[in-house]
Amino acid sequence: MKKVTGFDVARLAGVSQPTVSRALRNLPGTSPQTREKVLRAAAELSYIPSDSGRSLSTQSSRRIAVVSEELTNPYYPELVEPLRRRLAEHDLRTVVITDSEHRAVGLDVLADGSYDGVILTTCERRSSLPRDLTQRGIPHVLANRVLDVAESPACSVDNAGGTAAVAGLVADLGHRRVGAVLGPVTTSTGRERAEALRAGLRERGIRLRRDMVRRSSFGHDPGRTAAHDLLRRDDRPTAIVCGNDVIALGVLSAARELGISVPEQLTVIGFDDIPMASWPIVDLTTVHCDLDALAGTAVELLLAELASPGLAPVERRIPVSLVLRGTHGPASA
């Protein structure tokens, strides 16, 4: 079957092909009557506009690349979906490109002309990718990450404030042997939460000992392995603060395997408040992060970049709140 084109729609509607393009995109310069004729003709011919044709005529793909960690990590679908929804409100399509420790997304993928802009959710603190995108003139924003040296628009949650609240809770519960399974120091989330935990406990006269701290990727299995190491100690911690909820799930798994009851013998606290944290079987005490607000801020910053490329970099922080559920309790003997 012959493919229907914009010229076929124009012929049936009795207008020019550029008029068809303007009418279907609802751009100024087309009367309501003409637009109605074009829409009727397009419907009659079952015409579907070609994005590639639009790209050639407008130099715009209407596509935004969202660089995400592999979606097996339950945090990322919860961030990608509101990003997709917010972008769709502005007639922008989301293309998810997954990053991993074995195959990092590079400039060659993002700068081939397929995307109008990029949202980076996995950048490390000293990544050169944002600078490379800037040099290529590609609008972009960091979401859930910030750089050591601000070179691009960025937004993240209040990691320091949330972790300070966790430190206060742990201290108020009487815990003195505090352990931690924290995220990679190469990420801003890993570094900021670690620094805030040490500082918050220090202010309350509690030392976070280096031998009570483990670093891992933000995953269940690494968290479980690290927790086994900490919980097999003779002086095992009575509380473990985790770099995120997924690590906390790993810690809870280790505690169950070792016959350590939560919260009677061990307090476990996460960060992010992913949906499964509130499931009754988990009931995790954690820090709530408004990922819809984070996504909205990221899209707002990107739209500003798309409208005026090369704006001075800004950094936004989204407030967080402590959520008290069932995995925290007074220090055991």
# chains A, B, ... in the order shown; residues from 1 in each chain; ligands from 1
>>> residues_around(residues="range 69-77 of chain A", least_positions_apart="2", cutoff="12 Å", atoms="only C-alpha atoms", output="short mmCIF file (atom, residue, chain, number, x, y, z; two decimals) with N, CA, C and O atoms, in the first residue's frame")
data_model
loop_
_atom_site.label_atom_id
_atom_site.label_comp_id
_atom_site.auth_asym_id
_atom_site.auth_seq_id
_atom_site.Cartn_x
_atom_site.Cartn_y
_atom_site.Cartn_z
N VAL A 66 16.64 11.10 27.96
CA VAL A 66 16.77 10.99 29.42
C VAL A 66 17.76 9.86 29.70
O VAL A 66 17.46 8.69 29.42
N VAL A 67 18.92 10.21 30.20
CA VAL A 67 19.93 9.21 30.52
C VAL A 67 19.66 8.69 31.93
O VAL A 67 19.70 9.45 32.90
N LEU A 79 11.44 8.14 38.75
CA LEU A 79 11.89 9.45 38.30
C LEU A 79 11.61 9.66 36.82
O LEU A 79 11.19 10.74 36.39
N VAL A 80 11.81 8.61 36.02
CA VAL A 80 11.63 8.74 34.57
C VAL A 80 10.17 9.02 34.21
O VAL A 80 9.89 9.82 33.32
N GLU A 81 9.23 8.37 34.88
CA GLU A 81 7.82 8.56 34.52
C GLU A 81 7.35 10.01 34.70
O GLU A 81 6.73 10.57 33.78
N PRO A 82 7.60 10.67 35.84
CA PRO A 82 7.20 12.08 35.91
C PRO A 82 7.97 12.97 34.93
O PRO A 82 7.42 13.97 34.46
N LEU A 83 9.20 12.62 34.61
CA LEU A 83 9.92 13.36 33.58
C LEU A 83 9.20 13.22 32.24
O LEU A 83 8.98 14.20 31.52
N ARG A 84 8.82 12.00 31.90
CA ARG A 84 8.10 11.76 30.65
C ARG A 84 6.79 12.54 30.62
O ARG A 84 6.45 13.18 29.60
N VAL A 96 14.42 7.14 26.53
CA VAL A 96 15.23 6.72 27.68
C VAL A 96 16.46 5.97 27.17
O VAL A 96 16.35 5.02 26.39
N ILE A 97 17.62 6.42 27.60
CA ILE A 97 18.88 5.77 27.26
C ILE A 97 19.52 5.31 28.56
O ILE A 97 19.79 6.13 29.45
N THR A 98 19.72 4.02 28.71
CA THR A 98 20.21 3.50 29.99
C THR A 98 21.73 3.50 30.04
O THR A 98 22.41 3.16 29.08
N ASP A 99 22.21 3.91 31.19
CA ASP A 99 23.63 3.97 31.50
C ASP A 99 23.95 2.80 32.42
O ASP A 99 23.08 2.29 33.12
N SER A 100 25.18 2.38 32.45
CA SER A 100 25.59 1.34 33.40
C SER A 100 27.08 1.48 33.64
O SER A 100 27.79 2.16 32.90
N GLU A 101 27.56 0.80 34.71
CA GLU A 101 28.98 0.87 35.02
C GLU A 101 29.83 0.19 33.96
O GLU A 101 31.01 0.46 33.80
N HIS A 102 29.20 -0.67 33.16
CA HIS A 102 29.93 -1.38 32.11
C HIS A 102 29.85 -0.67 30.75
O HIS A 102 30.69 -0.89 29.89
N ARG A 103 28.81 0.18 30.57
CA ARG A 103 28.64 0.85 29.28
C ARG A 103 28.04 2.23 29.52
O ARG A 103 26.84 2.42 29.55
N ALA A 104 28.92 3.20 29.69
CA ALA A 104 28.47 4.56 29.96
C ALA A 104 27.99 5.21 28.66
O ALA A 104 28.57 5.00 27.59
N VAL A 105 26.93 6.00 28.78
CA VAL A 105 26.43 6.74 27.62
C VAL A 105 27.37 7.90 27.35
O VAL A 105 27.71 8.68 28.25
N LEU A 120 20.27 14.45 32.28
CA LEU A 120 21.25 13.50 32.81
C LEU A 120 20.89 13.18 34.26
O LEU A 120 20.88 14.07 35.11
N THR A 121 20.60 11.91 34.56
CA THR A 121 20.23 11.53 35.93
C THR A 121 21.29 10.68 36.61
O THR A 121 21.11 10.29 37.76
N THR A 122 22.39 10.37 35.91
CA THR A 122 23.38 9.45 36.46
C THR A 122 24.79 10.04 36.53
O THR A 122 25.74 9.31 36.82
N CYS A 123 24.91 11.34 36.25
CA CYS A 123 26.25 11.95 36.17
C CYS A 123 27.03 11.80 37.47
O CYS A 123 26.47 11.96 38.57
N ALA A 143 19.55 16.04 36.66
CA ALA A 143 18.46 15.78 37.60
C ALA A 143 18.92 14.73 38.60
O ALA A 143 19.45 13.68 38.20
N ASN A 144 18.76 15.00 39.89
CA ASN A 144 19.19 14.11 40.97
C ASN A 144 20.70 14.06 41.10
O ASN A 144 21.23 13.21 41.81
N SER A 217 27.33 0.29 45.47
CA SER A 217 26.45 0.90 44.48
C SER A 217 25.04 0.95 45.08
O SER A 217 24.77 0.32 46.11
N PHE A 218 24.15 1.71 44.43
CA PHE A 218 22.80 1.90 44.98
C PHE A 218 21.90 0.71 44.64
O PHE A 218 20.85 0.86 44.00
N GLY A 219 22.27 -0.50 45.09
CA GLY A 219 21.50 -1.69 44.75
C GLY A 219 21.24 -2.59 45.94
O GLY A 219 21.91 -2.51 46.97
N HIS A 220 20.27 -3.49 45.77
CA HIS A 220 19.90 -4.42 46.85
C HIS A 220 21.03 -5.38 47.19
O HIS A 220 21.41 -5.51 48.36
N ASP A 221 21.57 -6.07 46.20
CA ASP A 221 22.58 -7.08 46.48
C ASP A 221 23.85 -6.51 47.10
O ASP A 221 24.38 -7.07 48.08
N ASN A 244 20.35 4.77 50.23
CA ASN A 244 19.05 4.92 49.59
C ASN A 244 18.16 3.76 50.03
O ASN A 244 18.59 2.88 50.78
N ASP A 245 16.92 3.75 49.56
CA ASP A 245 15.98 2.71 49.98
C ASP A 245 16.35 1.34 49.45
O ASP A 245 16.10 0.32 50.10
N VAL A 246 16.92 1.28 48.24
CA VAL A 246 17.24 -0.02 47.66
C VAL A 246 18.37 -0.69 48.45
O VAL A 246 18.33 -1.90 48.70
N ILE A 247 19.35 0.09 48.88
CA ILE A 247 20.37 -0.45 49.78
C ILE A 247 19.71 -0.92 51.07
O ILE A 247 20.04 -2.01 51.59
N LEU A 249 16.77 -2.07 51.53
CA LEU A 249 16.12 -3.35 51.30
C LEU A 249 17.12 -4.49 51.41
O LEU A 249 16.82 -5.56 51.95
N PHE A 271 16.52 6.18 52.28
CA PHE A 271 16.46 7.54 51.73
C PHE A 271 15.85 7.43 50.33
O PHE A 271 16.29 6.61 49.53
N ASP A 272 14.84 8.22 50.06
CA ASP A 272 14.14 8.38 48.76
C ASP A 272 12.64 8.17 48.89
O ASP A 272 11.86 8.83 48.23
N ASP A 273 12.22 7.17 49.70
CA ASP A 273 10.80 6.82 49.83
C ASP A 273 10.21 6.34 48.52
O ASP A 273 9.18 6.84 48.06
N ILE A 274 10.86 5.35 47.91
CA ILE A 274 10.29 4.72 46.72
C ILE A 274 9.00 4.00 47.13
O ILE A 274 8.81 3.69 48.31
N PRO A 275 8.08 3.74 46.22
CA PRO A 275 6.78 3.17 46.60
C PRO A 275 6.86 1.90 47.45
O PRO A 275 6.09 1.75 48.41
N MET A 276 7.78 0.98 47.14
CA MET A 276 7.82 -0.25 47.91
C MET A 276 8.27 -0.03 49.36
O MET A 276 8.06 -0.89 50.21
N ALA A 277 8.84 1.14 49.66
CA ALA A 277 9.21 1.43 51.05
C ALA A 277 7.98 1.48 51.95
O ALA A 277 8.06 1.19 53.15
N CYS A 289 11.35 11.96 49.18
CA CYS A 289 11.78 12.90 48.14
C CYS A 289 10.65 13.02 47.13
O CYS A 289 10.16 12.02 46.62
N LEU A 291 9.64 13.25 43.87
CA LEU A 291 10.23 13.08 42.55
C LEU A 291 9.43 13.78 41.47
O LEU A 291 9.98 14.13 40.42
N ASP A 292 8.15 14.01 41.70
CA ASP A 292 7.37 14.79 40.75
C ASP A 292 7.86 16.24 40.72
O ASP A 292 7.99 16.84 39.66
N ALA A 295 11.24 16.25 38.97
CA ALA A 295 11.07 16.16 37.52
C ALA A 295 10.57 17.48 36.95
O ALA A 295 11.05 17.94 35.90
#
>>> residues_around(residues="range 318-325 of chain A", least_positions_apart="5", cutoff="10 Å", atoms="only C-alpha atoms", output="PyMOL selection string")
chain A and resi 144+155-166+169+269-273+277-278+280+282-291+293-294+297
>>> closest_residue(among="A:Val146, A:Val268, A:Ala226, A:Val118", to="Pro330 in chain A", atoms="only C-alpha atoms")
A:Val268
>>> residues_around(residues="range 32-34 of chain A", least_positions_apart="2", cutoff="10 Å", atoms="only C-alpha atoms", output="ChimeraX atom specification")
/A:13-15,19-20,23,26,29-30,36-40
>>> atom_distance(atom1="CA of Val185 in chain A", atom2="CA of Met212 in chain A")
16.0 Å
>>> select_by_dssp(residues="range 19-250 of chain A", states="helix (DSSP H, G or I)", output="PyMOL selection string")
chain A and resi 19-24+32-44+51-58+75-88+107-110+129-135+159-172+188-203+210-212+220-231+245-250
>>> select_by_dssp(residues="range 116-318 of chain A", states="strand (DSSP E)", output="VMD selection string")
chain A and resid 117 to 120 140 to 143 154 to 157 178 to 182 213 to 215 239 to 242 267 to 269 286 to 289 315 to 318
>>> closest_residue(among="A:Gly137, A:Gly113, A:Gly6, A:Gly106", to="Gly310 in chain A", atoms="only C-alpha atoms")
A:Gly137
>>> closest_residue(among="A:Ala312, A:Val213, A:Leu129, A:Leu258", to="Arg232 in chain A", atoms="only C-alpha atoms")
A:Leu258
>>> residues_around(residues="Leu173 in chain A", least_positions_apart="4", cutoff="10 Å", atoms="only C-alpha atoms", output="compact mmCIF listing (two decimals) with N, CA and C atoms, in the first residue's frame")
# COMPACT_ATOMS: atom_id res chain seq x y z
N GLY A 168 19.58 12.97 63.54
CA GLY A 168 18.87 13.38 64.75
C GLY A 168 17.98 12.28 65.30
N LEU A 169 17.30 11.57 64.41
CA LEU A 169 16.44 10.46 64.84
C LEU A 169 17.26 9.36 65.50
N ALA A 239 22.16 0.37 64.72
CA ALA A 239 21.42 1.11 63.69
C ALA A 239 22.29 1.15 62.44
N THR A 267 17.91 -0.96 63.97
CA THR A 267 17.19 0.10 63.26
C THR A 267 17.79 0.24 61.87
N HIS A 328 12.50 1.56 62.75
CA HIS A 328 13.36 2.26 63.71
C HIS A 328 12.82 2.03 65.13
N GLY A 329 13.76 1.95 66.06
CA GLY A 329 13.37 1.75 67.45
C GLY A 329 14.53 2.11 68.37
N PRO A 330 14.31 2.09 69.69
CA PRO A 330 15.37 2.43 70.66
C PRO A 330 16.54 1.47 70.53
N ALA A 331 17.69 1.97 70.91
CA ALA A 331 18.91 1.15 70.84
C ALA A 331 18.78 -0.06 71.76
N SER A 332 19.20 -1.22 71.25
CA SER A 332 19.21 -2.42 72.09
C SER A 332 20.53 -2.46 72.84
>>> closest_residue(among="A:Arg35, A:Val149, A:Ala304, A:Ser46", to="Arg22 in chain A", atoms="only C-alpha atoms")
A:Arg35
>>> closest_residue(among="A:Gly326, A:Gly243, A:Gly296, A:Gly259", to="Thr189 in chain A", atoms="only C-alpha atoms")
A:Gly243
>>> residues_around(residues="Gln17 in chain A", least_positions_apart="4", cutoff="8 Å", atoms="only C-alpha atoms", output="PyMOL selection string")
chain A and resi 6-7+9-10+21
>>> write_last_selection(atoms="all heavy atoms", output="mmCIF file, in the first residue's frame")
data_model
loop_
_atom_site.group_PDB
_atom_site.id
_atom_site.type_symbol
_atom_site.label_atom_id
_atom_site.label_comp_id
_atom_site.auth_asym_id
_atom_site.auth_seq_id
_atom_site.Cartn_x
_atom_site.Cartn_y
_atom_site.Cartn_z
ATOM 1 N N GLY A 6 2.020 14.161 3.287
ATOM 2 C CA GLY A 6 1.413 15.468 3.494
ATOM 3 C C GLY A 6 0.914 16.085 2.205
ATOM 4 O O GLY A 6 -0.061 16.862 2.206
ATOM 5 N N PHE A 7 1.547 15.730 1.085
ATOM 6 C CA PHE A 7 1.093 16.248 -0.209
ATOM 7 C C PHE A 7 -0.283 15.672 -0.573
ATOM 8 O O PHE A 7 -1.117 16.362 -1.165
ATOM 9 C CB PHE A 7 2.120 15.913 -1.289
ATOM 10 C CG PHE A 7 3.409 16.667 -1.140
ATOM 11 C CD1 PHE A 7 4.518 16.052 -0.586
ATOM 12 C CD2 PHE A 7 3.506 18.002 -1.531
ATOM 13 C CE1 PHE A 7 5.709 16.751 -0.429
ATOM 14 C CE2 PHE A 7 4.699 18.701 -1.379
ATOM 15 C CZ PHE A 7 5.799 18.081 -0.822
ATOM 16 N N VAL A 9 -2.594 14.839 1.606
ATOM 17 C CA VAL A 9 -3.543 15.575 2.450
ATOM 18 C C VAL A 9 -3.798 16.958 1.862
ATOM 19 O O VAL A 9 -4.942 17.437 1.794
ATOM 20 C CB VAL A 9 -3.020 15.680 3.894
ATOM 21 C CG1 VAL A 9 -3.964 16.522 4.750
ATOM 22 C CG2 VAL A 9 -2.847 14.299 4.511
ATOM 23 N N ALA A 10 -2.734 17.608 1.417
ATOM 24 C CA ALA A 10 -2.874 18.955 0.833
ATOM 25 C C ALA A 10 -3.764 18.920 -0.400
ATOM 26 O O ALA A 10 -4.621 19.794 -0.602
ATOM 27 C CB ALA A 10 -1.491 19.505 0.479
ATOM 28 N N SER A 21 1.245 21.302 7.142
ATOM 29 C CA SER A 21 2.185 21.192 8.252
ATOM 30 C C SER A 21 1.812 22.139 9.378
ATOM 31 O O SER A 21 1.783 21.755 10.547
ATOM 32 C CB SER A 21 3.605 21.477 7.755
ATOM 33 O OG SER A 21 4.527 21.392 8.822
#
>>> atom_distance(atom1="CA of Ser61 in chain A", atom2="CA of Tyr47 in chain A")
19.0 Å
>>> closest_residue(among="A:Arg317, A:Arg126, A:Arg177, A:Arg62", to="Leu208 in chain A", atoms="only C-alpha atoms")
A:Arg177
